[in-house]
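The file my_file.cif comes next; it holds mmCIF, C-alpha atoms and all ligand atoms.
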```
data_entry
#
loop_
_atom_site.label_atom_id
_atom_site.label_comp_id
_atom_site.auth_asym_id
_atom_site.auth_seq_id
_atom_site.Cartn_x
_atom_site.Cartn_y
_atom_site.Cartn_z
CA MET A 936 108.97 75.44 -81.76
CA ASN A 937 105.70 73.50 -81.99
CA ARG A 938 107.49 70.26 -81.30
CA THR A 939 109.23 71.68 -78.25
CA ALA A 940 105.93 72.99 -76.97
CA SER A 941 104.21 69.61 -77.35
CA ILE A 942 107.09 67.85 -75.59
CA ILE A 943 106.82 70.30 -72.71
CA ILE A 944 103.05 69.75 -72.52
CA THR A 945 103.47 65.97 -72.60
CA VAL A 946 106.09 66.04 -69.84
CA ALA A 947 103.90 68.35 -67.76
CA LEU A 948 100.91 66.04 -68.18
CA VAL A 949 102.95 63.00 -67.15
CA ILE A 950 104.14 64.84 -64.04
CA VAL A 951 100.62 65.97 -63.12
CA ILE A 952 99.19 62.46 -63.60
CA SER A 953 102.01 60.95 -61.52
CA ILE A 954 101.35 63.42 -58.70
CA MET A 955 97.61 62.65 -58.81
CA LEU A 956 98.25 58.91 -58.62
CA PHE A 957 100.63 59.44 -55.72
CA VAL A 958 98.43 61.74 -53.68
CA GLN A 959 95.06 60.07 -54.14
CA PRO A 960 95.32 57.08 -51.77
CA LYS A 961 96.68 59.20 -48.91
CA SER A 962 94.03 61.89 -49.08
CA SER A 963 91.10 59.48 -49.38
CA PRO A 964 88.66 60.67 -46.69
CA GLY A 965 86.93 57.29 -46.53
CA LEU A 966 90.03 55.55 -45.22
CA ALA A 967 90.70 58.14 -42.54
CA LYS A 968 87.15 57.78 -41.24
CA ILE A 969 87.43 54.01 -40.99
CA ASP A 970 90.71 54.32 -39.09
CA THR A 971 89.23 56.78 -36.61
CA ALA A 972 86.11 54.73 -36.04
CA GLN A 973 88.19 51.69 -35.23
CA ASN A 974 90.73 53.25 -32.93
CA VAL A 975 88.59 55.46 -30.67
CA GLU A 976 86.02 53.96 -28.34
CA ILE A 977 84.26 54.93 -25.16
CA ARG A 978 83.78 52.25 -22.53
CA GLU A 979 82.20 53.01 -19.16
CA SER A 980 82.63 56.76 -19.76
CA VAL A 981 86.35 56.47 -20.47
CA GLN A 982 87.56 57.22 -23.98
CA TYR A 983 90.32 54.97 -25.32
CA VAL A 984 92.45 56.01 -28.27
CA THR A 985 94.56 53.17 -29.65
CA ILE A 986 97.72 53.74 -31.67
CA ASN A 987 99.85 51.00 -33.16
CA ALA A 988 103.59 51.59 -33.06
CA LYS A 989 105.66 49.66 -35.55
CA GLY A 990 107.65 51.26 -38.34
CA GLY A 991 105.82 54.47 -37.47
CA TYR A 992 102.44 55.10 -35.91
CA SER A 993 99.01 54.25 -37.19
CA PRO A 994 96.60 55.75 -37.60
CA LYS A 995 98.61 58.90 -38.07
CA VAL A 996 95.58 61.10 -37.43
CA SER A 997 92.83 60.29 -34.93
CA THR A 998 89.80 62.29 -33.90
CA ALA A 999 88.48 62.08 -30.36
CA LYS A 1000 86.19 63.97 -28.03
CA ALA A 1001 87.56 66.69 -25.79
CA ASN A 1002 86.79 67.12 -22.08
CA ILE A 1003 86.12 63.51 -21.18
CA PRO A 1004 88.47 61.13 -19.33
CA THR A 1005 90.79 59.71 -21.98
CA LYS A 1006 93.46 57.07 -22.10
CA LEU A 1007 95.92 56.58 -24.89
CA ILE A 1008 96.84 52.98 -25.59
CA VAL A 1009 100.04 52.49 -27.56
CA LYS A 1010 100.50 48.97 -28.84
CA THR A 1011 103.82 47.51 -29.87
CA ASN A 1012 104.13 44.18 -31.59
CA GLY A 1013 107.64 43.11 -32.45
CA THR A 1014 108.57 46.78 -32.68
CA TYR A 1015 112.33 46.95 -33.08
CA ASP A 1016 112.44 50.37 -34.69
CA CYS A 1017 112.50 53.72 -32.94
CA SER A 1018 108.71 54.10 -32.93
CA SER A 1019 108.92 52.17 -29.62
CA SER A 1020 110.74 55.19 -28.18
CA LEU A 1021 107.76 57.44 -27.57
CA VAL A 1022 107.71 61.12 -26.69
CA ILE A 1023 104.58 63.20 -26.01
CA ARG A 1024 105.94 66.62 -25.18
CA SER A 1025 102.68 68.31 -24.21
CA ILE A 1026 102.28 65.97 -21.21
CA GLY A 1027 105.99 65.53 -20.48
CA TYR A 1028 105.91 61.87 -21.42
CA GLN A 1029 108.95 59.96 -22.62
CA LYS A 1030 109.45 56.22 -22.46
CA VAL A 1031 110.99 53.32 -24.31
CA LEU A 1032 108.13 50.88 -24.72
CA PRO A 1033 108.55 47.11 -24.57
CA GLN A 1034 109.04 45.55 -28.01
CA THR A 1035 105.68 43.84 -27.64
CA GLY A 1036 103.02 45.10 -25.29
CA GLU A 1037 100.44 47.72 -24.47
CA GLU A 1038 101.24 51.03 -22.83
CA ILE A 1039 98.31 52.86 -21.27
CA ILE A 1040 98.86 56.60 -20.87
CA ASP A 1041 96.34 58.57 -18.87
CA LEU A 1042 95.64 61.87 -20.63
CA GLY A 1043 93.18 63.16 -18.06
CA SER A 1044 90.36 65.07 -19.76
CA PRO A 1045 92.05 66.74 -22.73
CA GLN A 1046 90.95 70.21 -23.78
CA THR A 1047 90.11 70.97 -27.39
CA GLY A 1048 93.29 70.81 -29.40
CA THR A 1049 95.87 68.52 -30.86
CA LEU A 1050 98.07 66.06 -29.04
CA GLN A 1051 101.18 65.00 -30.88
CA GLY A 1052 103.27 61.90 -30.30
CA LEU A 1053 106.75 61.50 -31.74
CA CYS A 1054 109.48 58.92 -31.81
CA SER A 1055 112.53 60.13 -29.91
CA MET A 1056 114.29 60.99 -33.17
CA GLY A 1057 111.30 62.94 -34.44
CA MET A 1058 111.03 60.98 -37.68
CA TYR A 1059 107.67 59.33 -36.93
CA ASN A 1060 104.66 61.05 -35.48
CA PHE A 1061 100.94 60.82 -34.89
CA VAL A 1062 98.32 63.32 -33.82
CA VAL A 1063 95.06 63.04 -31.93
CA ASN A 1064 92.64 65.90 -32.55
CA PHE A 1065 90.35 66.54 -29.61
CA ASN A 1066 87.14 68.28 -30.63
CU CU A 1101 112.49 57.64 -34.97
#
```
For the structure just supplied, provide its representation as C-alpha cells.
Amino acid sequence: MNRTASIIITVALVIVISIMLFVQPKSSPGLAKIDTAQNVEIRESVQYVTINAKGGYSPKVSTAKANIPTKLIVKTNGTYDCSSSLVIRSIGYQKVLPQTGEEIIDLGSPQTGTLQGLCSMGMYNFVVNFN
C-alpha cells in the first residue's frame, strides 16, 4: 500500500513539474509586453498594428488604443502556409495575401473590444485588444 502510494505521488509530481515547464514560457508576461511594444506604433496620429503571418500569426495577442485611426499591417515573408489566407470576420475582410509582401488594412477607429484574425481554415489566429 505504501509503495503504491509513493509511486502515485511520484508520478503526480512528475506530471505537475512537466506541466509547469510547459506552461511557463508561454505565460511569461515580460515577453508579451515586449511583443506589444514592438508591433504597435503611432505615427502622425495613425496607429499601426503589425502582424507577421508565417506558420501562424505573431504576436498572437496585441494591445492597442481604441478610438483612434488604426491600420493593421499584415506582413508575409515566404509564407506558403494557410496563414496567408486571412479572414477578419468583424470587418468582413477575406483575402489571400501575396506570399511575400505587406497588406495594409484600414480598421477605421476601432471601438473598445477585440478584433480577431483567422486563417481561412481557422487553425491559426491572432487578436488585437483595443482598450
Ligand atoms: Cu489555416
Quiz item: Closest to ligand CU 1101 (chain A) among A:Val1022, A:Cys1017, A:Val1062, A:Ile1040, using all atoms listed in the file?
Solution: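 For ligand CU 1101 (chain A), the nearest of the given residues is A:Cys1017.
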Contacts to ligand CU 1101 (chain A) at 9 Å cut-off (all atoms listed in the file) as a PDB file with C-alpha atoms, in the coordinates of the input:
```
ATOM      1  CA  GLY A 990     107.650  51.260 -38.340  1.00  0.00           C
ATOM      2  CA  GLY A 991     105.820  54.470 -37.470  1.00  0.00           C
ATOM      3  CA  ASP A1016     112.440  50.370 -34.690  1.00  0.00           C
ATOM      4  CA  CYS A1017     112.500  53.720 -32.940  1.00  0.00           C
ATOM      5  CA  SER A1018     108.710  54.100 -32.930  1.00  0.00           C
ATOM      6  CA  SER A1019     108.920  52.170 -29.620  1.00  0.00           C
ATOM      7  CA  SER A1020     110.740  55.190 -28.180  1.00  0.00           C
ATOM      8  CA  LEU A1021     107.760  57.440 -27.570  1.00  0.00           C
ATOM      9  CA  LEU A1053     106.750  61.500 -31.740  1.00  0.00           C
ATOM     10  CA  CYS A1054     109.480  58.920 -31.810  1.00  0.00           C
ATOM     11  CA  SER A1055     112.530  60.130 -29.910  1.00  0.00           C
ATOM     12  CA  MET A1056     114.290  60.990 -33.170  1.00  0.00           C
ATOM     13  CA  GLY A1057     111.300  62.940 -34.440  1.00  0.00           C
ATOM     14  CA  MET A1058     111.030  60.980 -37.680  1.00  0.00           C
ATOM     15  CA  TYR A1059     107.670  59.330 -36.930  1.00  0.00           C
ATOM     16  CA  ASN A1060     104.660  61.050 -35.480  1.00  0.00           C
TER      17      ASN A1060
END
```
Practice problem: For atom CA of Thr998 of chain A and atom CA of Asn1064 of chain A, determine how far apart the two atoms are, in Å to one decimal place. | Solution: 4.8 Å
Quiz prompt | Residues within 12 Å of Glu979 of chain A, all atoms listed in the file, excluding chain neighbours under 6 positions, as number ranges by chain | solution = A: 1003-1005
Could you take the residues named above and write them with C-alpha atoms, as a short mmCIF file (atom, residue, chain, number, x, y, z; two decimals), keeping the file's coordinate frame?
```cif
data_model
loop_
_atom_site.label_atom_id
_atom_site.label_comp_id
_atom_site.auth_asym_id
_atom_site.auth_seq_id
_atom_site.Cartn_x
_atom_site.Cartn_y
_atom_site.Cartn_z
CA ILE A 1003 86.12 63.51 -21.18
CA PRO A 1004 88.47 61.13 -19.33
CA THR A 1005 90.79 59.71 -21.98
#
```
Practice problem: Name all residues at most 8 Å from segment 1030-1039 of chain A (count only C-alpha atoms; drop same-chain ones fewer than 5 positions away) and give them as a list of chain:residue names. | Solution: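 What passes the distance filter is A:Lys1006, A:Leu1007, A:Ile1008, A:Val1009, A:Lys1010, A:Thr1011, A:Asn1012, A:Gly1013, A:Thr1014, A:Tyr1015, A:Ser1019, A:Ser1020, A:Leu1021, A:Val1022.
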Self-check item: Top pick for closest residue to Tyr983 of chain A, considering A:Gly1027, A:Gly1048, A:Arg938, A:Leu1042 and counting only C-alpha atoms
Solution: A:Leu1042
Exercise. Please indicate the distance in Å from atom CA of Gly1052 of chain A to atom CA of Ser993 of chain A, rounded to one decimal place.
Key: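 Going from atom CA of Gly1052 of chain A over to atom CA of Ser993 of chain A, I get 11.1 Å.
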